[in-house]
Amino acid sequence: MSDDTITQHGTIQLLYQEHHSWLRGWIARKLGCPSGAADLTQDTFLNLLLKTDIPTMQEPRAYLTHIAHGLMVDHVRRRDIEKAYLEALVHFSSTDAASPETRAMVLEILIKLDLLLDGLSPKVRTAFLLLQLEGLSYGEIASRLGVSTRTVGNYVAKAMLQCMVLLQD
């Protein structure tokens, strides 16, 4: 282990000792879930361990809450997608039900799709999803969104470009 790595691990250990309980309480208050708070607190410190360079911190709690906030957003987004997916499954008969493995794979795909489309405007995201999931034509999408077919084409192109760029990362 290099001297920098040893120093970095010492910094993280000190942060953990001094701020773990406080961060766990902060996350628990935000989430309203103590067990989820424990997991996200550990994920926050794991995130620090995986960083190659930890900046010098004037305000360690602000830095920790910044990391934890991002993890909470991802956690809530995933939970909301999972809830919507499970609610949608209720509408299928038991003969149409997929295996638990298939459901888990579909849920992971939905979460990845959500992340790919994050940051797009609602109309761009809606146009892309109507085309891909419902198979609507540009004209049908234009009618639903109250825009021209050319605008729908621009929306779809923008969404596809975002997906391609993010998939290359």
# chains A, B, ... in the order shown; residues from 1 in each chain; ligands from 1
call {"tool": "closest_atom_pairs", "arguments": {"of": "region 61-136 of chain A", "to": "region 149-153 of chain A", "cutoff": "12 Å", "atoms": "only C-alpha atoms", "output": "JSON lines"}}
result
{"residue": "A:Lys123", "atom": "CA", "partner": "A:Val152", "partner_atom": "CA", "distance": 8.9}
{"residue": "A:Val124", "atom": "CA", "partner": "A:Val152", "partner_atom": "CA", "distance": 7.8}
{"residue": "A:Arg125", "atom": "CA", "partner": "A:Val152", "partner_atom": "CA", "distance": 10.6}
{"residue": "A:Thr126", "atom": "CA", "partner": "A:Val152", "partner_atom": "CA", "distance": 9.9}
{"residue": "A:Ala127", "atom": "CA", "partner": "A:Val152", "partner_atom": "CA", "distance": 6.5}
{"residue": "A:Phe128", "atom": "CA", "partner": "A:Val152", "partner_atom": "CA", "distance": 8.5}
{"residue": "A:Leu129", "atom": "CA", "partner": "A:Val152", "partner_atom": "CA", "distance": 11.5}
{"residue": "A:Leu130", "atom": "CA", "partner": "A:Val152", "partner_atom": "CA", "distance": 10.5}
{"residue": "A:Leu131", "atom": "CA", "partner": "A:Val152", "partner_atom": "CA", "distance": 9.6}
{"residue": "A:Leu136", "atom": "CA", "partner": "A:Val152", "partner_atom": "CA", "distance": 11.2}
call {"tool": "write_last_selection", "arguments": {"atoms": "C-alpha atoms", "output": "CSV table (one decimal), in the first residue's frame"}}
result
chain,number,residue,atom,x,y,z
A,123,LYS,CA,-42.0,15.8,-23.4
A,124,VAL,CA,-38.8,14.3,-24.7
A,125,ARG,CA,-39.0,11.4,-22.3
A,126,THR,CA,-42.7,10.8,-23.0
A,127,ALA,CA,-42.2,10.8,-26.8
A,128,PHE,CA,-39.4,8.3,-26.5
A,129,LEU,CA,-41.4,6.0,-24.2
A,130,LEU,CA,-44.5,6.2,-26.4
A,131,LEU,CA,-42.5,5.2,-29.4
A,136,LEU,CA,-47.0,4.7,-31.5
call {"tool": "residues_around", "arguments": {"residues": "region 77-94 of chain A", "least_positions_apart": "2", "cutoff": "10 Å", "atoms": "only C-alpha atoms", "output": "list in words"}}
result
Leu71, Met72, Val73, Asp74, His75, Asp96, Ala97, Ala98, Arg103, Ala104, Val106, Leu107, Glu108, Leu110, Ile111, Lys112, Asp114 and Leu115 of chain A
call {"tool": "write_last_selection", "arguments": {"atoms": "N, CA and C atoms", "output": "short mmCIF file (atom, residue, chain, number, x, y, z; two decimals), in the first residue's frame"}}
result
data_model
loop_
_atom_site.label_atom_id
_atom_site.label_comp_id
_atom_site.auth_asym_id
_atom_site.auth_seq_id
_atom_site.Cartn_x
_atom_site.Cartn_y
_atom_site.Cartn_z
N LEU A 71 -27.02 9.18 -2.87
CA LEU A 71 -27.40 7.78 -2.66
C LEU A 71 -28.87 7.65 -2.28
N MET A 72 -29.38 8.61 -1.47
CA MET A 72 -30.80 8.58 -1.09
C MET A 72 -31.69 8.82 -2.31
N VAL A 73 -31.30 9.73 -3.17
CA VAL A 73 -32.08 9.98 -4.39
C VAL A 73 -32.16 8.71 -5.22
N ASP A 74 -31.03 8.04 -5.39
CA ASP A 74 -31.03 6.77 -6.14
C ASP A 74 -31.90 5.73 -5.46
N HIS A 75 -31.83 5.66 -4.14
CA HIS A 75 -32.62 4.70 -3.37
C HIS A 75 -34.12 4.95 -3.54
N ASP A 96 -49.94 -15.30 -16.73
CA ASP A 96 -49.05 -14.38 -17.44
C ASP A 96 -47.85 -13.97 -16.59
N ALA A 97 -47.87 -14.33 -15.32
CA ALA A 97 -46.84 -13.86 -14.39
C ALA A 97 -45.48 -14.43 -14.76
N ALA A 98 -44.48 -13.60 -14.71
CA ALA A 98 -43.11 -14.01 -15.01
C ALA A 98 -42.48 -14.61 -13.76
N ARG A 103 -38.73 -11.14 -13.36
CA ARG A 103 -39.19 -9.89 -12.76
C ARG A 103 -38.01 -9.05 -12.27
N ALA A 104 -37.02 -9.70 -11.67
CA ALA A 104 -35.84 -8.97 -11.20
C ALA A 104 -35.08 -8.36 -12.37
N VAL A 106 -36.34 -7.51 -15.33
CA VAL A 106 -37.15 -6.41 -15.87
C VAL A 106 -37.02 -5.18 -14.99
N LEU A 107 -37.04 -5.37 -13.69
CA LEU A 107 -36.90 -4.25 -12.76
C LEU A 107 -35.55 -3.57 -12.95
N GLU A 108 -34.49 -4.34 -13.09
CA GLU A 108 -33.16 -3.74 -13.32
C GLU A 108 -33.12 -2.96 -14.62
N LEU A 110 -35.70 -1.51 -16.08
CA LEU A 110 -36.48 -0.29 -15.86
C LEU A 110 -35.67 0.77 -15.11
N ILE A 111 -34.92 0.33 -14.13
CA ILE A 111 -34.09 1.27 -13.37
C ILE A 111 -33.00 1.87 -14.25
N LYS A 112 -32.37 1.05 -15.08
CA LYS A 112 -31.35 1.56 -16.00
C LYS A 112 -31.96 2.53 -17.01
N ASP A 114 -34.61 4.35 -16.58
CA ASP A 114 -34.91 5.58 -15.85
C ASP A 114 -33.67 6.45 -15.71
N LEU A 115 -32.54 5.83 -15.39
CA LEU A 115 -31.29 6.58 -15.27
C LEU A 115 -30.85 7.16 -16.61
#
call {"tool": "closest_residue", "arguments": {"among": "A:Thr102, A:Gln42, A:Asn154, A:Asn47", "to": "His20 (chain A)", "atoms": "only C-alpha atoms"}}
result
A:Gln42
call {"tool": "select_by_dssp", "arguments": {"residues": "region 14-130 of chain A", "states": "helix (DSSP H, G or I)", "output": "PyMOL selection string"}}
result
chain A and resi 14-31+34-50+60-89+100-117+122-130
call {"tool": "residues_around", "arguments": {"residues": "His19 (chain A)", "least_positions_apart": "4", "cutoff": "12 Å", "atoms": "only C-alpha atoms", "output": "JSON, numbers by chain"}}
result
{"A": [11, 12, 13, 14, 15, 23, 24, 25, 26, 41, 42, 44, 45, 59, 60, 61, 62, 63, 64, 65]}
call {"tool": "decode", "arguments": {"residues": "region 6-153 of chain A", "atoms": "C-alpha atoms", "output": "tab-separated table (two decimals), in the first residue's frame"}}
result
chain	number	residue	atom	x	y	z
A	6	ILE	CA	-2.62	4.63	4.00
A	7	THR	CA	-3.22	8.34	4.65
A	8	GLN	CA	-6.53	8.21	2.77
A	9	HIS	CA	-7.72	5.15	4.71
A	10	GLY	CA	-6.76	6.90	7.96
A	11	THR	CA	-8.79	9.93	6.91
A	12	ILE	CA	-11.81	7.75	6.14
A	13	GLN	CA	-11.42	5.88	9.42
A	14	LEU	CA	-11.37	9.18	11.30
A	15	LEU	CA	-14.42	10.43	9.37
A	16	TYR	CA	-16.20	7.16	10.15
A	17	GLN	CA	-15.42	7.35	13.86
A	18	GLU	CA	-16.39	11.00	14.21
A	19	HIS	CA	-19.41	11.22	11.93
A	20	HIS	CA	-20.95	7.75	11.43
A	21	SER	CA	-23.59	8.04	14.15
A	22	TRP	CA	-24.50	11.59	13.17
A	23	LEU	CA	-24.78	10.66	9.46
A	24	ARG	CA	-26.91	7.62	10.23
A	25	GLY	CA	-29.29	9.79	12.28
A	26	TRP	CA	-29.43	12.42	9.53
A	27	ILE	CA	-30.27	9.80	6.89
A	28	ALA	CA	-32.83	8.11	9.19
A	29	ARG	CA	-34.64	11.44	9.66
A	30	LYS	CA	-34.65	12.09	5.92
A	31	LEU	CA	-35.79	8.56	4.97
A	32	GLY	CA	-37.92	7.74	7.98
A	33	CYS	CA	-36.38	4.25	7.94
A	34	PRO	CA	-33.62	3.25	10.40
A	35	SER	CA	-32.64	0.05	8.57
A	36	GLY	CA	-32.42	1.88	5.25
A	37	ALA	CA	-30.37	4.57	7.00
A	38	ALA	CA	-27.86	1.99	8.20
A	39	ASP	CA	-27.42	0.65	4.67
A	40	LEU	CA	-27.07	4.10	3.10
A	41	THR	CA	-24.61	5.19	5.78
A	42	GLN	CA	-22.42	2.20	5.01
A	43	ASP	CA	-22.79	2.90	1.28
A	44	THR	CA	-21.66	6.48	1.87
A	45	PHE	CA	-18.44	5.36	3.53
A	46	LEU	CA	-17.93	2.62	0.93
A	47	ASN	CA	-18.24	5.33	-1.71
A	48	LEU	CA	-15.43	7.19	0.05
A	49	LEU	CA	-13.26	4.08	0.18
A	50	LEU	CA	-13.66	3.60	-3.57
A	51	LYS	CA	-12.58	7.16	-4.39
A	52	THR	CA	-9.03	7.49	-5.62
A	53	ASP	CA	-8.64	10.99	-4.24
A	54	ILE	CA	-10.47	12.43	-1.26
A	55	PRO	CA	-10.40	16.22	-1.16
A	56	THR	CA	-9.26	18.10	1.91
A	57	MET	CA	-12.43	18.92	3.79
A	58	GLN	CA	-13.24	22.05	5.67
A	59	GLU	CA	-16.77	20.76	6.35
A	60	PRO	CA	-16.73	16.95	6.49
A	61	ARG	CA	-20.43	16.70	7.37
A	62	ALA	CA	-21.38	18.75	4.31
A	63	TYR	CA	-19.26	16.43	2.15
A	64	LEU	CA	-20.77	13.31	3.71
A	65	THR	CA	-24.33	14.61	3.36
A	66	HIS	CA	-23.64	15.47	-0.28
A	67	ILE	CA	-22.64	11.86	-1.00
A	68	ALA	CA	-25.47	10.46	1.14
A	69	HIS	CA	-28.04	12.70	-0.56
A	70	GLY	CA	-27.11	11.33	-3.97
A	71	LEU	CA	-27.40	7.78	-2.66
A	72	MET	CA	-30.80	8.58	-1.09
A	73	VAL	CA	-32.08	9.98	-4.39
A	74	ASP	CA	-31.03	6.77	-6.14
A	75	HIS	CA	-32.62	4.70	-3.37
A	76	VAL	CA	-35.94	6.55	-3.54
A	77	ARG	CA	-35.97	6.45	-7.35
A	78	ARG	CA	-35.35	2.69	-7.31
A	79	ARG	CA	-38.05	2.18	-4.66
A	80	ASP	CA	-40.59	4.19	-6.67
A	81	ILE	CA	-39.83	2.25	-9.86
A	82	GLU	CA	-40.10	-1.04	-8.01
A	83	LYS	CA	-43.43	0.01	-6.48
A	84	ALA	CA	-44.85	1.07	-9.86
A	85	TYR	CA	-43.66	-2.18	-11.44
A	86	LEU	CA	-45.24	-4.29	-8.70
A	87	GLU	CA	-48.49	-2.33	-9.03
A	88	ALA	CA	-48.46	-2.99	-12.79
A	89	LEU	CA	-47.94	-6.71	-12.20
A	90	VAL	CA	-51.22	-6.86	-10.28
A	91	HIS	CA	-53.05	-6.37	-13.59
A	92	PHE	CA	-51.66	-9.59	-15.08
A	93	SER	CA	-53.21	-12.98	-14.50
A	94	SER	CA	-51.23	-15.63	-12.67
A	95	THR	CA	-50.69	-17.49	-15.96
A	96	ASP	CA	-49.05	-14.38	-17.44
A	97	ALA	CA	-46.84	-13.86	-14.39
A	98	ALA	CA	-43.11	-14.01	-15.01
A	99	SER	CA	-40.68	-15.92	-12.84
A	100	PRO	CA	-39.00	-14.06	-9.96
A	101	GLU	CA	-35.76	-14.02	-11.96
A	102	THR	CA	-37.47	-12.46	-14.97
A	103	ARG	CA	-39.19	-9.89	-12.76
A	104	ALA	CA	-35.84	-8.97	-11.20
A	105	MET	CA	-34.26	-8.58	-14.65
A	106	VAL	CA	-37.15	-6.41	-15.87
A	107	LEU	CA	-36.90	-4.25	-12.76
A	108	GLU	CA	-33.16	-3.74	-13.32
A	109	ILE	CA	-33.81	-2.78	-16.95
A	110	LEU	CA	-36.48	-0.29	-15.86
A	111	ILE	CA	-34.09	1.27	-13.37
A	112	LYS	CA	-31.35	1.56	-16.00
A	113	LEU	CA	-33.82	3.07	-18.47
A	114	ASP	CA	-34.91	5.58	-15.85
A	115	LEU	CA	-31.29	6.58	-15.27
A	116	LEU	CA	-30.67	6.87	-19.01
A	117	LEU	CA	-33.67	9.15	-19.47
A	118	ASP	CA	-33.04	11.19	-16.33
A	119	GLY	CA	-32.46	14.83	-17.12
A	120	LEU	CA	-34.56	14.86	-20.27
A	121	SER	CA	-37.58	17.13	-20.38
A	122	PRO	CA	-40.92	15.40	-19.72
A	123	LYS	CA	-42.03	15.76	-23.36
A	124	VAL	CA	-38.79	14.25	-24.71
A	125	ARG	CA	-39.00	11.36	-22.26
A	126	THR	CA	-42.70	10.80	-22.99
A	127	ALA	CA	-42.18	10.84	-26.77
A	128	PHE	CA	-39.38	8.30	-26.49
A	129	LEU	CA	-41.37	6.00	-24.21
A	130	LEU	CA	-44.52	6.21	-26.36
A	131	LEU	CA	-42.48	5.22	-29.39
A	132	GLN	CA	-40.49	2.45	-27.71
A	133	LEU	CA	-43.01	0.96	-25.31
A	134	GLU	CA	-46.37	1.60	-26.95
A	135	GLY	CA	-45.22	1.53	-30.57
A	136	LEU	CA	-47.05	4.73	-31.47
A	137	SER	CA	-46.21	6.51	-34.71
A	138	TYR	CA	-44.68	9.99	-34.74
A	139	GLY	CA	-48.07	11.35	-35.82
A	140	GLU	CA	-49.87	9.68	-32.91
A	141	ILE	CA	-47.24	10.94	-30.47
A	142	ALA	CA	-47.44	14.44	-31.93
A	143	SER	CA	-51.20	14.41	-31.46
A	144	ARG	CA	-50.91	13.31	-27.83
A	145	LEU	CA	-48.23	15.86	-26.98
A	146	GLY	CA	-49.68	18.71	-29.02
A	147	VAL	CA	-46.53	19.20	-31.10
A	148	SER	CA	-45.53	18.65	-34.74
A	149	THR	CA	-44.22	15.32	-36.03
A	150	ARG	CA	-40.91	17.03	-36.74
A	151	THR	CA	-40.68	18.01	-33.07
A	152	VAL	CA	-41.41	14.40	-32.11
A	153	GLY	CA	-38.52	13.33	-34.34
